[in-house]
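Trainee: Compact mmCIF, C-alpha atoms, saved as run-v1.txt, coming up:
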```txt
# COMPACT_ATOMS: atom_id res chain seq x y z
CA ARG A 1 125.29 86.19 74.41
CA LEU A 2 124.81 89.86 73.53
CA VAL A 3 127.80 90.86 75.64
CA GLU A 4 130.11 87.96 74.86
CA ASP A 5 129.29 87.27 71.21
CA GLU A 6 128.12 90.62 69.88
CA GLY A 7 130.26 92.99 71.92
CA VAL A 8 127.39 94.84 73.55
CA ASP A 9 128.63 97.03 76.41
CA LEU A 10 125.57 96.65 78.62
CA VAL A 11 122.20 94.93 78.56
CA LEU A 12 119.65 97.08 80.40
CA PRO A 13 116.38 95.18 80.96
CA MET A 14 113.12 97.04 81.51
CA MET A 15 110.80 94.74 83.45
CA HIS A 16 107.18 94.83 84.60
CA GLN A 17 107.05 92.37 87.46
CA TYR A 18 106.80 92.07 91.23
CA VAL A 19 109.81 92.54 93.50
CA SER A 20 109.61 88.84 94.40
CA GLU A 21 110.19 88.08 90.71
CA ASP A 22 112.93 90.71 90.51
CA ARG A 23 114.75 88.78 93.24
CA VAL A 24 114.77 85.69 91.04
CA THR A 25 116.12 87.71 88.10
CA CYS A 26 118.77 89.37 90.24
CA SER A 27 119.91 86.04 91.66
CA LYS A 28 121.20 85.13 88.20
CA LYS A 29 123.65 88.07 88.40
CA LEU A 30 123.43 88.81 84.69
CA VAL A 31 123.09 92.62 84.78
CA PRO A 32 124.04 95.43 87.18
CA LEU A 33 120.76 97.34 86.77
CA ILE A 34 117.08 96.59 86.20
CA ILE A 35 114.54 99.36 85.64
CA GLY A 36 110.78 99.06 85.98
CA GLY A 37 108.27 99.87 83.25
CA HIS A 38 104.77 100.95 84.33
CA ASP A 39 105.25 99.63 87.86
CA HIS A 40 102.78 100.96 90.41
CA HIS A 41 105.22 101.74 93.22
CA GLU A 42 108.52 103.51 93.63
CA VAL A 43 111.32 101.01 94.27
CA ALA A 44 115.03 101.46 94.93
CA LEU A 45 116.68 98.23 96.05
CA THR A 46 120.00 96.47 95.65
CA ILE A 47 119.46 92.72 95.32
CA GLU A 48 122.40 90.33 94.82
CA ASP A 49 124.58 93.30 93.66
CA THR A 50 121.93 94.30 91.09
CA LEU A 51 120.27 97.70 91.44
CA VAL A 52 116.47 97.68 90.91
CA LEU A 53 114.88 101.08 90.18
CA LYS A 54 111.22 101.86 89.50
CA ALA A 55 109.77 105.36 89.20
CA GLY A 56 106.13 104.44 89.89
CA GLN A 57 103.00 104.77 87.82
CA ASP A 58 101.46 107.51 85.66
CA ALA A 59 104.73 109.41 85.06
CA HIS A 60 104.43 111.46 88.26
CA LYS A 61 108.10 110.71 88.91
CA CYS A 62 111.01 110.03 86.56
CA LEU A 63 114.41 108.45 86.96
CA ILE A 64 117.59 110.13 85.76
CA ILE A 65 120.25 107.44 85.51
CA ASP A 66 123.91 107.92 84.56
CA ILE A 67 125.90 104.84 83.52
CA THR A 68 129.61 105.46 83.04
CA TRP A 69 132.82 103.49 82.65
CA GLU A 70 135.80 105.05 84.41
CA THR A 71 138.22 103.96 81.68
CA LYS A 72 138.04 102.07 78.42
CA ASP A 73 139.37 99.01 80.26
CA SER A 74 136.71 99.10 83.00
CA THR A 75 134.60 95.95 83.07
CA GLU A 76 131.83 97.24 85.32
CA PRO A 77 130.06 100.60 84.96
CA ALA A 78 129.45 103.10 87.73
CA ILE A 79 125.74 103.83 88.14
CA THR A 80 124.28 106.97 89.73
CA TRP A 81 120.62 107.92 89.78
CA GLU A 82 118.06 110.49 90.93
CA LEU A 83 114.28 110.28 91.29
CA LYS A 84 112.61 113.52 90.20
CA THR A 85 109.06 114.84 90.38
CA VAL A 86 107.95 115.64 86.82
CA ALA A 87 105.63 118.46 87.91
CA ASP A 88 108.62 120.38 89.30
CA TYR A 89 109.70 121.12 85.73
CA PRO A 90 107.85 123.53 83.38
CA ALA A 91 106.10 122.07 80.36
CA ASP A 92 107.76 122.53 76.99
CA PRO A 93 105.63 125.19 75.21
CA ALA A 94 105.76 123.49 71.81
CA VAL A 95 104.80 120.10 73.21
CA ALA A 96 102.06 121.61 75.39
CA ALA A 97 100.60 123.47 72.37
CA ALA A 98 100.59 120.28 70.27
CA VAL A 99 98.86 118.33 73.04
CA ALA A 100 96.23 121.05 73.48
CA GLU A 101 95.51 121.09 69.74
CA TYR A 102 94.94 117.34 69.56
CA GLU A 103 92.90 117.22 72.78
CA GLU A 104 90.61 120.15 71.89
CA PRO A 105 87.98 118.02 70.04
CA LEU A 106 87.73 115.74 73.09
CA ALA A 107 87.47 118.50 75.69
CA ARG A 108 83.69 118.89 75.43
CA LEU A 109 83.11 115.14 75.71
CA SER A 110 85.59 114.84 78.59
CA ASN A 111 83.73 117.48 80.59
CA CYS A 112 80.35 115.81 80.06
CA LYS A 113 78.63 115.34 83.44
CA LEU A 114 77.59 111.73 84.00
CA CYS A 115 76.12 111.85 87.50
CA PRO A 116 76.29 113.81 90.78
CA ILE A 117 79.01 112.83 93.22
CA PRO A 118 77.51 111.48 96.46
CA ARG A 119 77.55 114.05 99.23
CA GLY A 120 78.83 113.44 102.74
CA VAL A 121 81.38 110.74 101.82
CA ALA A 122 85.09 110.76 101.04
CA PHE A 123 84.78 110.17 97.30
CA SER A 124 87.98 108.34 96.43
CA SER A 125 89.42 105.31 94.63
CA LYS A 126 92.68 105.24 96.59
CA ARG A 127 93.64 101.90 98.16
CA ILE A 128 90.93 100.21 96.11
CA ARG A 129 93.02 97.03 95.99
CA LEU A 130 92.92 96.89 99.77
CA GLU A 131 89.53 98.14 100.85
CA GLN A 132 86.08 99.27 99.81
CA THR A 133 85.95 102.74 98.25
CA ALA A 134 83.18 105.17 97.39
CA VAL A 135 84.16 105.17 93.71
CA GLY A 136 84.07 101.37 93.54
CA SER A 137 80.68 101.30 95.23
CA MET A 138 79.25 103.91 92.86
CA LEU A 139 80.52 102.11 89.75
CA CYS A 140 79.08 98.81 90.93
CA ASP A 141 75.81 100.52 91.75
CA MET A 142 75.74 101.74 88.13
CA ILE A 143 76.21 98.17 86.93
CA CYS A 144 73.36 96.94 89.11
CA ARG A 145 71.01 99.61 87.84
CA GLY A 146 72.11 99.31 84.22
CA LEU A 147 71.78 95.52 84.08
CA ASN A 148 68.89 95.28 86.55
CA CYS A 149 70.78 92.76 88.66
CA HIS A 150 70.94 92.11 92.38
CA GLY A 151 74.66 92.50 92.93
CA ALA A 152 77.86 93.54 91.23
CA MET A 153 81.51 92.59 91.74
CA TRP A 154 84.40 94.19 89.91
CA ASN A 155 88.08 93.30 89.83
CA ALA A 156 89.86 96.13 91.65
CA GLY A 157 92.74 95.97 89.19
CA ASP A 158 90.49 97.42 86.47
CA ILE A 159 89.75 100.59 88.45
CA ARG A 160 92.94 102.58 88.06
CA GLY A 161 92.31 106.23 88.93
CA ASP A 162 93.86 106.22 92.42
CA CYS A 163 92.12 109.57 92.91
CA THR A 164 90.63 111.52 95.79
CA TYR A 165 88.07 113.98 94.44
CA PRO A 166 87.85 117.46 95.98
CA PRO A 167 84.76 118.14 98.13
CA GLU A 168 83.73 121.03 95.88
CA GLN A 169 83.47 118.79 92.78
CA GLU A 170 79.76 118.24 92.16
CA PHE A 171 79.71 115.85 89.19
CA PHE A 172 81.49 112.71 88.03
CA THR A 173 82.50 113.38 84.42
CA TYR A 174 83.32 111.28 81.38
CA SER A 175 86.96 112.28 81.89
CA ASP A 176 86.80 110.95 85.46
CA LEU A 177 85.31 107.70 84.19
CA LYS A 178 88.09 107.26 81.62
CA THR A 179 90.66 107.92 84.33
CA GLU A 180 89.14 105.35 86.66
CA VAL A 181 88.39 102.75 83.95
CA PRO A 182 90.96 103.31 81.17
CA TRP A 183 90.20 100.15 79.21
CA GLU A 184 87.26 97.94 78.36
CA SER A 185 86.19 95.73 81.25
CA PRO A 186 83.67 93.10 80.16
CA ILE A 187 80.73 92.71 82.54
CA VAL A 188 78.88 89.38 82.50
CA PRO A 189 75.51 88.77 84.19
CA VAL A 190 75.67 85.40 85.99
CA SER A 191 73.19 83.53 88.16
CA MET A 192 74.88 82.04 91.21
CA PRO A 193 74.04 81.21 94.83
CA GLY A 194 74.43 84.09 97.24
CA GLN A 195 76.70 81.98 99.45
CA VAL A 196 79.23 81.71 96.62
CA ILE A 197 79.28 85.49 96.24
CA ILE A 198 79.65 86.03 99.98
CA GLY A 199 82.44 83.44 100.14
CA ALA A 200 84.37 85.13 97.33
CA ARG A 201 84.02 88.47 99.08
CA GLU A 202 85.19 87.07 102.41
CA VAL A 203 88.26 85.42 100.87
CA SER A 204 89.29 88.60 99.03
CA VAL A 205 88.95 90.70 102.19
CA GLN A 206 90.91 88.17 104.26
CA CYS A 207 93.72 88.18 101.69
CA ALA A 208 93.83 91.99 101.67
CA VAL A 209 93.99 92.19 105.48
CA LYS A 210 96.49 89.35 105.87
CA ASN A 211 98.81 90.63 103.13
CA ASN A 212 98.39 94.38 103.49
CA THR A 213 102.13 95.01 103.76
CA CYS A 214 102.87 92.54 100.95
CA VAL A 215 100.74 94.51 98.49
CA ARG A 216 102.99 97.50 98.85
CA CYS A 217 106.08 95.43 98.13
CA HIS A 218 104.53 93.87 95.02
CA ALA A 219 103.50 90.48 96.35
CA GLN A 220 100.95 88.74 94.17
CA VAL A 221 98.02 89.47 96.47
CA PHE A 222 95.41 92.18 96.11
CA LEU A 223 91.73 92.74 96.79
CA SER A 224 90.13 91.13 93.78
CA VAL A 225 86.65 92.48 94.43
CA ALA A 226 86.42 96.21 94.03
CA ALA A 227 82.88 96.54 95.26
CA LEU A 228 79.85 94.44 96.03
CA LEU A 229 76.32 95.76 96.24
CA LEU A 230 73.54 93.31 97.05
CA LEU A 231 69.99 94.42 96.48
CA PRO A 232 67.11 92.50 98.07
CA ARG A 233 64.93 90.46 95.79
CA ILE A 234 61.35 91.72 96.07
CA VAL A 235 58.75 89.01 95.76
CA LEU A 236 55.19 90.16 95.10
```
Please lay out the structure from this file as structure tokens.
Mentor:
Amino acid sequence: RLVEDEGVDLVLPMMHQYVSEDRVTCSKKLVPLIIGGHDHHEVALTIEDTLVLKAGQDAHKCLIIDITWETKDSTEPAITWELKTVADYPADPAVAAAVAEYEEPLARLSNCKLCPIPRGVAFSSKRIRLEQTAVGSMLCDMICRGLNCHGAMWNAGDIRGDCTYPPEQEFFTYSDLKTEVPWESPIVPVSMPGQVIIGAREVSVQCAVKNNTCVRCHAQVFLSVAALLLLPRIVL
């Protein structure tokens, strides 16, 4: 309707969905290009004559897309694109100074040391949707201790840092916590049979193993339990 009734030259949808859903959209053959917004992976695919481009998460990469019509009578545009690494370009001094000014009051809080980083382990949250990680285990351990409970499970999708911490880093800071857990994640103490907990864990692991390759292509499967720590009940 926008093109036919209102004379719009091009509708350019920005989507946030899995590639499997993009295939459905592309099958309708409504637009020549779809771009991703806040998608976790880099994608460059042509599906049903529609180009699908996604630069990945956290603005590490950016897409430069040129859309041109050869003549005023052309009905379809020519589309060229490049994927660039943002860090390869110097920061704009004025923007960097403004950011530093606004962040200055938070710097002391961000650098606050919350706890020592465990020694002798690869302290990382990478691949947390697929496997157990040291960061997930530590966060769940904090929940157990803070709520005085016997076990803790956390949806891996809420732990977003995707970070590997350098061996020389001694402390986990408030800034690290905000990177790993950028939004509020309600935690609810629940009494349930241990077999239910074990069953949920087993199912999530089986899904992650069975669909490992599907996760990377945006299938709707991921490890739903970030970490599970079971502490023995001590009966006196």
Trainee: In terms of the shortest atom-to-atom distance over all atoms listed in the file, which of A:Ser191, A:Thr179, A:Ser20, A:Ser185 is closest to Arg160 in chain A?
Mentor: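 Closest residue, counting all atoms listed in the file: A:Thr179.
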Trainee: Could you name the residues that touch Ile159 in chain A at 10 Å or less, counting all atoms listed in the file, but leaving out those on the same chain fewer than 4 positions away, as a list in words?
Mentor: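 Contacts, in chain order: Ser125, Lys126, Ile128, Arg129, Val135, Gly136, Leu139, Trp154, Asn155, Leu177, Lys178, Thr179, Glu180, Val181, Pro182, Trp183, Ser185 and Ala226 of chain A.
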Trainee: Contacts of range 11-16 of chain A at 9 Å or less, counting all atoms listed in the file, minus same-chain residues fewer than 2 places along, as a list in words?
Mentor: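 Contacts, with the query itself left out: Leu2, Val3, Val8, Asp9, Tyr18, Asp22, Leu30, Val31, Pro32, Leu33, Ile34, Ile35, Gly36, Gly37, His38 and Asp39 of chain A.
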Trainee: Any chance you could export the current selection's C-alpha atoms as a compact mmCIF listing (two decimals), in the coordinates of the input?
Mentor:
```
# COMPACT_ATOMS: atom_id res chain seq x y z
CA LEU A 2 124.81 89.86 73.53
CA VAL A 3 127.80 90.86 75.64
CA VAL A 8 127.39 94.84 73.55
CA ASP A 9 128.63 97.03 76.41
CA TYR A 18 106.80 92.07 91.23
CA ASP A 22 112.93 90.71 90.51
CA LEU A 30 123.43 88.81 84.69
CA VAL A 31 123.09 92.62 84.78
CA PRO A 32 124.04 95.43 87.18
CA LEU A 33 120.76 97.34 86.77
CA ILE A 34 117.08 96.59 86.20
CA ILE A 35 114.54 99.36 85.64
CA GLY A 36 110.78 99.06 85.98
CA GLY A 37 108.27 99.87 83.25
CA HIS A 38 104.77 100.95 84.33
CA ASP A 39 105.25 99.63 87.86
```
Trainee: Ranking A:Cys163, A:Met138, A:Ala94, A:Leu109 by minimum distance to Ser124 in chain A and counting all atoms listed in the file, which one comes first?
Mentor: A:Cys163
Trainee: Find, counting all atoms listed in the file, the residue in A:Pro166, A:Gly157, A:Glu48, A:Gly194 that gets nearest to Arg23 in chain A.
Mentor: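 Smallest distance to Arg23 in chain A is found for A:Glu48.
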Trainee: Please measure the separation of CA of Asn111 in chain A and CA of Ser175 in chain A, giving the value in Å to one decimal.
Mentor: 6.3 Å
Trainee: Between CA of Pro90 in chain A and CA of Asp58 in chain A, what is the distance, to one decimal in Å?
Mentor: 17.4 Å
Trainee: Could you work out how far CA of Thr133 in chain A lies from CA of Val203 in chain A, giving the answer in Å with one decimal?
Mentor: 17.7 Å
Trainee: Can you work out which one of A:Gln57, A:Asn148, A:Thr173, A:Gln17 has the shortest atom-to-atom distance to Arg108 in chain A, counting all atoms listed in the file?
Mentor: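 Distance minimum relative to Arg108 in chain A lands on A:Thr173.
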Trainee: Using all atoms listed in the file, which residues sit within 7 Å of Thr68 in chain A once same-chain residues fewer than 2 positions away are excluded, as a ChimeraX atom specification?
Mentor: /A:66,70,77-79
